[in-house]
$ cat start-v3.pdb   # PDB, C-alpha atoms, pLDDT in the B column
MODEL        1
ATOM      1  CA  MET A   1     -18.257  -1.797  14.524  1.00 94.00           C
ATOM      2  CA  GLU A   2     -15.864  -4.449  13.341  1.00 96.00           C
ATOM      3  CA  VAL A   3     -12.777  -3.752  11.227  1.00 97.00           C
ATOM      4  CA  LYS A   4     -10.754  -6.329   9.326  1.00 97.00           C
ATOM      5  CA  ILE A   5      -7.600  -5.475   7.426  1.00 96.00           C
ATOM      6  CA  LEU A   6      -6.756  -7.762   4.509  1.00 96.00           C
ATOM      7  CA  GLU A   7      -4.168  -7.853   1.755  1.00 94.00           C
ATOM      8  CA  GLN A   8      -5.678  -8.593  -1.637  1.00 91.00           C
ATOM      9  CA  ASN A   9      -3.441  -8.422  -4.680  1.00 89.00           C
ATOM     10  CA  ASP A  10      -1.551  -5.140  -4.246  1.00 91.00           C
ATOM     11  CA  GLU A  11      -4.212  -3.538  -2.060  1.00 95.00           C
ATOM     12  CA  LYS A  12      -4.697  -3.083   1.658  1.00 96.00           C
ATOM     13  CA  VAL A  13      -8.414  -3.620   2.156  1.00 98.00           C
ATOM     14  CA  VAL A  14     -10.175  -2.347   5.260  1.00 98.00           C
ATOM     15  CA  VAL A  15     -13.484  -4.178   5.656  1.00 98.00           C
ATOM     16  CA  ILE A  16     -15.835  -2.154   7.851  1.00 98.00           C
ATOM     17  CA  GLU A  17     -18.942  -3.709   9.415  1.00 97.00           C
ATOM     18  CA  GLY A  18     -21.614  -1.974  11.445  1.00 97.00           C
ATOM     19  CA  ARG A  19     -21.700   1.722  12.321  1.00 96.00           C
ATOM     20  CA  VAL A  20     -19.026   4.384  12.129  1.00 97.00           C
ATOM     21  CA  ASP A  21     -20.119   7.182  14.447  1.00 95.00           C
ATOM     22  CA  THR A  22     -18.596   9.433  17.110  1.00 95.00           C
ATOM     23  CA  VAL A  23     -18.126   6.461  19.430  1.00 96.00           C
ATOM     24  CA  THR A  24     -16.511   4.051  16.949  1.00 96.00           C
ATOM     25  CA  ALA A  25     -14.662   6.471  14.638  1.00 96.00           C
ATOM     26  CA  PRO A  26     -11.591   6.807  16.906  1.00 96.00           C
ATOM     27  CA  GLU A  27     -11.113   3.023  16.826  1.00 96.00           C
ATOM     28  CA  LEU A  28     -11.300   2.996  13.022  1.00 96.00           C
ATOM     29  CA  GLU A  29      -8.802   5.840  12.781  1.00 96.00           C
ATOM     30  CA  MET A  30      -6.424   4.114  15.188  1.00 96.00           C
ATOM     31  CA  LYS A  31      -6.492   0.956  13.066  1.00 96.00           C
ATOM     32  CA  VAL A  32      -6.069   2.580   9.647  1.00 95.00           C
ATOM     33  CA  SER A  33      -3.761   5.538  10.311  1.00 93.00           C
ATOM     34  CA  PRO A  34      -0.618   3.352  10.377  1.00 94.00           C
ATOM     35  CA  ILE A  35      -1.624   1.994   6.958  1.00 92.00           C
ATOM     36  CA  TRP A  36      -2.188   5.372   5.330  1.00 89.00           C
ATOM     37  CA  ALA A  37       1.315   6.417   6.349  1.00 87.00           C
ATOM     38  CA  THR A  38       2.737   3.909   3.844  1.00 88.00           C
ATOM     39  CA  PRO A  39       4.013   5.552   0.635  1.00 92.00           C
ATOM     40  CA  ALA A  40       2.409   4.659  -2.723  1.00 93.00           C
ATOM     41  CA  ILE A  41      -0.132   2.264  -1.223  1.00 95.00           C
ATOM     42  CA  THR A  42      -3.550   1.387  -2.581  1.00 97.00           C
ATOM     43  CA  LEU A  43      -5.920   1.620   0.364  1.00 97.00           C
ATOM     44  CA  VAL A  44      -9.471   0.350  -0.078  1.00 98.00           C
ATOM     45  CA  PHE A  45     -12.350   0.835   2.340  1.00 98.00           C
ATOM     46  CA  ASP A  46     -14.808  -2.005   1.653  1.00 98.00           C
ATOM     47  CA  CYS A  47     -18.163  -0.676   2.843  1.00 97.00           C
ATOM     48  CA  GLU A  48     -20.425  -3.561   1.837  1.00 97.00           C
ATOM     49  CA  LYS A  49     -21.413  -4.192   5.466  1.00 97.00           C
ATOM     50  CA  LEU A  50     -21.216  -0.587   6.648  1.00 97.00           C
ATOM     51  CA  GLU A  51     -24.663   0.304   7.980  1.00 95.00           C
ATOM     52  CA  TYR A  52     -24.172   3.927   9.058  1.00 95.00           C
ATOM     53  CA  LEU A  53     -21.613   6.668   8.480  1.00 95.00           C
ATOM     54  CA  SER A  54     -21.583   9.851  10.563  1.00 95.00           C
ATOM     55  CA  SER A  55     -19.614  13.051  10.051  1.00 94.00           C
ATOM     56  CA  SER A  56     -16.865  11.509  12.198  1.00 95.00           C
ATOM     57  CA  GLY A  57     -16.583   8.658   9.712  1.00 95.00           C
ATOM     58  CA  LEU A  58     -16.566  11.099   6.805  1.00 96.00           C
ATOM     59  CA  ARG A  59     -13.654  12.909   8.441  1.00 96.00           C
ATOM     60  CA  ILE A  60     -11.669   9.658   8.554  1.00 96.00           C
ATOM     61  CA  ILE A  61     -12.436   8.935   4.908  1.00 96.00           C
ATOM     62  CA  LEU A  62     -11.293  12.393   3.883  1.00 96.00           C
ATOM     63  CA  SER A  63      -8.143  12.107   6.036  1.00 95.00           C
ATOM     64  CA  ALA A  64      -7.320   8.715   4.536  1.00 96.00           C
ATOM     65  CA  HIS A  65      -7.805  10.086   1.020  1.00 97.00           C
ATOM     66  CA  LYS A  66      -5.575  13.100   1.679  1.00 96.00           C
ATOM     67  CA  GLN A  67      -2.828  11.111   3.393  1.00 95.00           C
ATOM     68  CA  VAL A  68      -2.705   8.324   0.812  1.00 97.00           C
ATOM     69  CA  THR A  69      -2.822  10.533  -2.277  1.00 96.00           C
ATOM     70  CA  ALA A  70      -0.232  12.944  -0.838  1.00 96.00           C
ATOM     71  CA  LYS A  71       2.177   9.996  -0.688  1.00 95.00           C
ATOM     72  CA  GLY A  72       1.501   8.920  -4.282  1.00 96.00           C
ATOM     73  CA  GLY A  73      -1.014   6.221  -3.458  1.00 96.00           C
ATOM     74  CA  LYS A  74      -4.631   5.496  -4.306  1.00 97.00           C
ATOM     75  CA  PHE A  75      -7.649   5.585  -2.003  1.00 97.00           C
ATOM     76  CA  ILE A  76     -10.792   3.718  -3.071  1.00 98.00           C
ATOM     77  CA  LEU A  77     -14.245   3.297  -1.543  1.00 98.00           C
ATOM     78  CA  ARG A  78     -15.762   0.001  -2.619  1.00 98.00           C
ATOM     79  CA  ASN A  79     -19.165  -1.704  -2.316  1.00 98.00           C
ATOM     80  CA  LEU A  80     -21.098   1.248  -0.887  1.00 97.00           C
ATOM     81  CA  THR A  81     -24.592   0.524   0.395  1.00 95.00           C
ATOM     82  CA  ASN A  82     -27.355   2.822  -0.818  1.00 95.00           C
ATOM     83  CA  GLU A  83     -27.478   4.557   2.568  1.00 93.00           C
ATOM     84  CA  VAL A  84     -23.748   5.218   2.702  1.00 95.00           C
ATOM     85  CA  ARG A  85     -23.661   6.212  -0.974  1.00 96.00           C
ATOM     86  CA  SER A  86     -26.335   8.831  -0.356  1.00 95.00           C
ATOM     87  CA  VAL A  87     -24.271  10.353   2.489  1.00 94.00           C
ATOM     88  CA  ILE A  88     -21.165  10.407   0.280  1.00 96.00           C
ATOM     89  CA  ASP A  89     -23.147  12.016  -2.569  1.00 96.00           C
ATOM     90  CA  LEU A  90     -24.896  14.519  -0.306  1.00 95.00           C
ATOM     91  CA  THR A  91     -21.608  15.804   1.076  1.00 94.00           C
ATOM     92  CA  GLY A  92     -20.032  16.109  -2.362  1.00 94.00           C
ATOM     93  CA  PHE A  93     -17.330  13.567  -1.537  1.00 95.00           C
ATOM     94  CA  SER A  94     -18.326  11.484  -4.563  1.00 94.00           C
ATOM     95  CA  ARG A  95     -16.750  14.189  -6.754  1.00 95.00           C
ATOM     96  CA  ILE A  96     -13.315  13.813  -5.138  1.00 95.00           C
ATOM     97  CA  LEU A  97     -13.172  10.139  -4.138  1.00 97.00           C
ATOM     98  CA  THR A  98     -12.696   7.045  -6.267  1.00 97.00           C
ATOM     99  CA  ILE A  99     -15.768   4.849  -5.804  1.00 97.00           C
ATOM    100  CA  GLN A 100     -16.055   1.319  -7.151  1.00 95.00           C
TER     101      GLN A 100
ENDMDL
END

$ encode --input "start-v3.pdb" --output "structure tokens"
Amino acid sequence: MEVKILEQNDEKVVVIEGRVDTVTAPELEMKVSPIWATPAITLVFDCEKLEYLSSSGLRIILSAHKQVTAKGGKFILRNLTNEVRSVIDLTGFSRILTIQ
């Protein structure tokens, strides 16, 4: 897994490449948790190059959503692949998350 953090307009964009599973999820959480602590931020997970998302990755997405929205910010999933979109839909997360 590779993670890049970019600033685009007024958004913090986390570009995730590869697989987010039980091995790589702690690294992703370590990199993004300082960002989601920022009040009123717009945090975007760009998943265009995300190949696989396990339950550990789903936990991080849900944590990011809860932390960001609790502080008055916005959390957005962007550019989901068909495989990742099906996992998000299957778990019901698509009903609570903003997906672009």

$ residues_around --input "start-v3.pdb" --residues "Pro26 (chain A)" --least-positions-apart "5" --cutoff "9 Å" --atoms "all atoms listed in the file" --output "list in words"
Asp21, Lys31, Ser56, Gly57 and Ile60 of chain A

$ write_last_selection --input "start-v3.pdb" --atoms "C-alpha atoms" --output "mmCIF file, in the coordinates of the input"
data_model
loop_
_atom_site.group_PDB
_atom_site.id
_atom_site.type_symbol
_atom_site.label_atom_id
_atom_site.label_comp_id
_atom_site.auth_asym_id
_atom_site.auth_seq_id
_atom_site.Cartn_x
_atom_site.Cartn_y
_atom_site.Cartn_z
ATOM 1 C CA ASP A 21 -20.119 7.182 14.447
ATOM 2 C CA LYS A 31 -6.492 0.956 13.066
ATOM 3 C CA SER A 56 -16.865 11.509 12.198
ATOM 4 C CA GLY A 57 -16.583 8.658 9.712
ATOM 5 C CA ILE A 60 -11.669 9.658 8.554
#

$ resolve_selection --input "start-v3.pdb" --expression "the PyMOL selection byres ((chain A and resi 47) around 12)" --output "PDB file with C-alpha atoms, in the coordinates of the input"
ATOM      1  CA  MET A   1     -18.257  -1.797  14.524  1.00 94.00           C
ATOM      2  CA  GLU A   2     -15.864  -4.449  13.341  1.00 96.00           C
ATOM      3  CA  VAL A   3     -12.777  -3.752  11.227  1.00 97.00           C
ATOM      4  CA  LYS A   4     -10.754  -6.329   9.326  1.00 97.00           C
ATOM      5  CA  VAL A  13      -8.414  -3.620   2.156  1.00 98.00           C
ATOM      6  CA  VAL A  14     -10.175  -2.347   5.260  1.00 98.00           C
ATOM      7  CA  VAL A  15     -13.484  -4.178   5.656  1.00 98.00           C
ATOM      8  CA  ILE A  16     -15.835  -2.154   7.851  1.00 98.00           C
ATOM      9  CA  GLU A  17     -18.942  -3.709   9.415  1.00 97.00           C
ATOM     10  CA  GLY A  18     -21.614  -1.974  11.445  1.00 97.00           C
ATOM     11  CA  ARG A  19     -21.700   1.722  12.321  1.00 96.00           C
ATOM     12  CA  VAL A  20     -19.026   4.384  12.129  1.00 97.00           C
ATOM     13  CA  VAL A  44      -9.471   0.350  -0.078  1.00 98.00           C
ATOM     14  CA  PHE A  45     -12.350   0.835   2.340  1.00 98.00           C
ATOM     15  CA  ASP A  46     -14.808  -2.005   1.653  1.00 98.00           C
ATOM     16  CA  GLU A  48     -20.425  -3.561   1.837  1.00 97.00           C
ATOM     17  CA  LYS A  49     -21.413  -4.192   5.466  1.00 97.00           C
ATOM     18  CA  LEU A  50     -21.216  -0.587   6.648  1.00 97.00           C
ATOM     19  CA  GLU A  51     -24.663   0.304   7.980  1.00 95.00           C
ATOM     20  CA  TYR A  52     -24.172   3.927   9.058  1.00 95.00           C
ATOM     21  CA  LEU A  53     -21.613   6.668   8.480  1.00 95.00           C
ATOM     22  CA  GLY A  57     -16.583   8.658   9.712  1.00 95.00           C
ATOM     23  CA  ILE A  61     -12.436   8.935   4.908  1.00 96.00           C
ATOM     24  CA  ILE A  76     -10.792   3.718  -3.071  1.00 98.00           C
ATOM     25  CA  LEU A  77     -14.245   3.297  -1.543  1.00 98.00           C
ATOM     26  CA  ARG A  78     -15.762   0.001  -2.619  1.00 98.00           C
ATOM     27  CA  ASN A  79     -19.165  -1.704  -2.316  1.00 98.00           C
ATOM     28  CA  LEU A  80     -21.098   1.248  -0.887  1.00 97.00           C
ATOM     29  CA  THR A  81     -24.592   0.524   0.395  1.00 95.00           C
ATOM     30  CA  ASN A  82     -27.355   2.822  -0.818  1.00 95.00           C
ATOM     31  CA  GLU A  83     -27.478   4.557   2.568  1.00 93.00           C
ATOM     32  CA  VAL A  84     -23.748   5.218   2.702  1.00 95.00           C
ATOM     33  CA  ARG A  85     -23.661   6.212  -0.974  1.00 96.00           C
ATOM     34  CA  ILE A  88     -21.165  10.407   0.280  1.00 96.00           C
ATOM     35  CA  ILE A  99     -15.768   4.849  -5.804  1.00 97.00           C
ATOM     36  CA  GLN A 100     -16.055   1.319  -7.151  1.00 95.00           C
TER      37      GLN A 100
END

$ residues_around --input "start-v3.pdb" --residues "region 32-38 of chain A" --least-positions-apart "3" --cutoff "12 Å" --atoms "only C-alpha atoms" --output "VMD selection string"
chain A and resid 3 to 7 11 to 16 25 to 29 41 to 45 60 to 75

$ atom_distance --input "start-v3.pdb" --atom1 "CA of Pro39 (chain A)" --atom2 "CA of Ser94 (chain A)"
23.7 Å

$ atom_distance --input "start-v3.pdb" --atom1 "CA of Ser86 (chain A)" --atom2 "CA of Thr24 (chain A)"
20.5 Å

$ atom_distance --input "start-v3.pdb" --atom1 "CA of Thr91 (chain A)" --atom2 "CA of Ser55 (chain A)"
9.6 Å

$ closest_residue --input "start-v3.pdb" --among "A:Ala40, A:Leu58, A:Ile96, A:Val87" --to "Asp10 (chain A)" --atoms "all atoms listed in the file"
A:Ala40

$ decode --input "start-v3.pdb" --residues "region 62-88 of chain A" --atoms "N, CA and C atoms" --output "PDB file, in the first residue's frame"
ATOM      1  N   LEU A  62     -14.754   4.332   8.599  1.00  0.00           N
ATOM      2  CA  LEU A  62     -15.812   4.714   9.530  1.00  0.00           C
ATOM      3  C   LEU A  62     -15.269   5.623  10.634  1.00  0.00           C
ATOM      4  N   SER A  63     -14.096   5.324  11.147  1.00  0.00           N
ATOM      5  CA  SER A  63     -13.465   6.173  12.176  1.00  0.00           C
ATOM      6  C   SER A  63     -13.204   7.573  11.636  1.00  0.00           C
ATOM      7  N   ALA A  64     -12.667   7.646  10.421  1.00  0.00           N
ATOM      8  CA  ALA A  64     -12.388   8.949   9.815  1.00  0.00           C
ATOM      9  C   ALA A  64     -13.684   9.739   9.660  1.00  0.00           C
ATOM     10  N   HIS A  65     -14.725   9.091   9.178  1.00  0.00           N
ATOM     11  CA  HIS A  65     -16.019   9.751   9.008  1.00  0.00           C
ATOM     12  C   HIS A  65     -16.535  10.289  10.341  1.00  0.00           C
ATOM     13  N   LYS A  66     -16.510   9.463  11.365  1.00  0.00           N
ATOM     14  CA  LYS A  66     -17.009   9.880  12.681  1.00  0.00           C
ATOM     15  C   LYS A  66     -16.196  11.031  13.263  1.00  0.00           C
ATOM     16  N   GLN A  67     -14.881  10.927  13.185  1.00  0.00           N
ATOM     17  CA  GLN A  67     -14.012  11.954  13.759  1.00  0.00           C
ATOM     18  C   GLN A  67     -14.177  13.294  13.033  1.00  0.00           C
ATOM     19  N   VAL A  68     -14.184  13.247  11.722  1.00  0.00           N
ATOM     20  CA  VAL A  68     -14.256  14.479  10.929  1.00  0.00           C
ATOM     21  C   VAL A  68     -15.618  15.160  11.094  1.00  0.00           C
ATOM     22  N   THR A  69     -16.688  14.398  10.986  1.00  0.00           N
ATOM     23  CA  THR A  69     -18.015  15.005  11.084  1.00  0.00           C
ATOM     24  C   THR A  69     -18.318  15.487  12.503  1.00  0.00           C
ATOM     25  N   ALA A  70     -17.770  14.827  13.512  1.00  0.00           N
ATOM     26  CA  ALA A  70     -17.974  15.273  14.894  1.00  0.00           C
ATOM     27  C   ALA A  70     -17.337  16.636  15.146  1.00  0.00           C
ATOM     28  N   LYS A  71     -16.338  16.975  14.345  1.00  0.00           N
ATOM     29  CA  LYS A  71     -15.643  18.259  14.488  1.00  0.00           C
ATOM     30  C   LYS A  71     -16.123  19.279  13.453  1.00  0.00           C
ATOM     31  N   GLY A  72     -17.276  19.016  12.834  1.00  0.00           N
ATOM     32  CA  GLY A  72     -17.853  19.968  11.894  1.00  0.00           C
ATOM     33  C   GLY A  72     -17.284  19.917  10.494  1.00  0.00           C
ATOM     34  N   GLY A  73     -16.560  18.869  10.177  1.00  0.00           N
ATOM     35  CA  GLY A  73     -15.963  18.756   8.853  1.00  0.00           C
ATOM     36  C   GLY A  73     -16.745  17.850   7.933  1.00  0.00           C
ATOM     37  N   LYS A  74     -16.146  17.581   6.770  1.00  0.00           N
ATOM     38  CA  LYS A  74     -16.759  16.712   5.768  1.00  0.00           C
ATOM     39  C   LYS A  74     -15.785  15.586   5.446  1.00  0.00           C
ATOM     40  N   PHE A  75     -16.327  14.384   5.295  1.00  0.00           N
ATOM     41  CA  PHE A  75     -15.536  13.230   4.874  1.00  0.00           C
ATOM     42  C   PHE A  75     -16.126  12.701   3.580  1.00  0.00           C
ATOM     43  N   ILE A  76     -15.265  12.527   2.566  1.00  0.00           N
ATOM     44  CA  ILE A  76     -15.717  12.131   1.232  1.00  0.00           C
ATOM     45  C   ILE A  76     -14.859  10.970   0.736  1.00  0.00           C
ATOM     46  N   LEU A  77     -15.534   9.960   0.162  1.00  0.00           N
ATOM     47  CA  LEU A  77     -14.847   8.910  -0.587  1.00  0.00           C
ATOM     48  C   LEU A  77     -14.981   9.268  -2.060  1.00  0.00           C
ATOM     49  N   ARG A  78     -13.878   9.218  -2.775  1.00  0.00           N
ATOM     50  CA  ARG A  78     -13.886   9.649  -4.172  1.00  0.00           C
ATOM     51  C   ARG A  78     -13.239   8.583  -5.054  1.00  0.00           C
ATOM     52  N   ASN A  79     -13.745   8.464  -6.281  1.00  0.00           N
ATOM     53  CA  ASN A  79     -13.156   7.605  -7.314  1.00  0.00           C
ATOM     54  C   ASN A  79     -13.082   6.133  -6.900  1.00  0.00           C
ATOM     55  N   LEU A  80     -14.181   5.600  -6.387  1.00  0.00           N
ATOM     56  CA  LEU A  80     -14.197   4.199  -5.970  1.00  0.00           C
ATOM     57  C   LEU A  80     -14.150   3.275  -7.188  1.00  0.00           C
ATOM     58  N   THR A  81     -13.322   2.240  -7.093  1.00  0.00           N
ATOM     59  CA  THR A  81     -13.335   1.195  -8.116  1.00  0.00           C
ATOM     60  C   THR A  81     -14.597   0.368  -7.918  1.00  0.00           C
ATOM     61  N   ASN A  82     -14.954  -0.417  -8.907  1.00  0.00           N
ATOM     62  CA  ASN A  82     -16.140  -1.266  -8.795  1.00  0.00           C
ATOM     63  C   ASN A  82     -16.025  -2.236  -7.623  1.00  0.00           C
ATOM     64  N   GLU A  83     -14.837  -2.790  -7.422  1.00  0.00           N
ATOM     65  CA  GLU A  83     -14.628  -3.755  -6.343  1.00  0.00           C
ATOM     66  C   GLU A  83     -14.811  -3.100  -4.977  1.00  0.00           C
ATOM     67  N   VAL A  84     -14.219  -1.948  -4.799  1.00  0.00           N
ATOM     68  CA  VAL A  84     -14.324  -1.245  -3.519  1.00  0.00           C
ATOM     69  C   VAL A  84     -15.747  -0.733  -3.330  1.00  0.00           C
ATOM     70  N   ARG A  85     -16.369  -0.252  -4.383  1.00  0.00           N
ATOM     71  CA  ARG A  85     -17.750   0.230  -4.286  1.00  0.00           C
ATOM     72  C   ARG A  85     -18.681  -0.891  -3.841  1.00  0.00           C
ATOM     73  N   SER A  86     -18.459  -2.095  -4.344  1.00  0.00           N
ATOM     74  CA  SER A  86     -19.331  -3.203  -3.956  1.00  0.00           C
ATOM     75  C   SER A  86     -19.173  -3.542  -2.476  1.00  0.00           C
ATOM     76  N   VAL A  87     -17.966  -3.435  -1.934  1.00  0.00           N
ATOM     77  CA  VAL A  87     -17.746  -3.665  -0.500  1.00  0.00           C
ATOM     78  C   VAL A  87     -18.451  -2.582   0.312  1.00  0.00           C
ATOM     79  N   ILE A  88     -18.322  -1.340  -0.109  1.00  0.00           N
ATOM     80  CA  ILE A  88     -18.971  -0.221   0.582  1.00  0.00           C
ATOM     81  C   ILE A  88     -20.494  -0.395   0.547  1.00  0.00           C
TER      82      ILE A  88
END
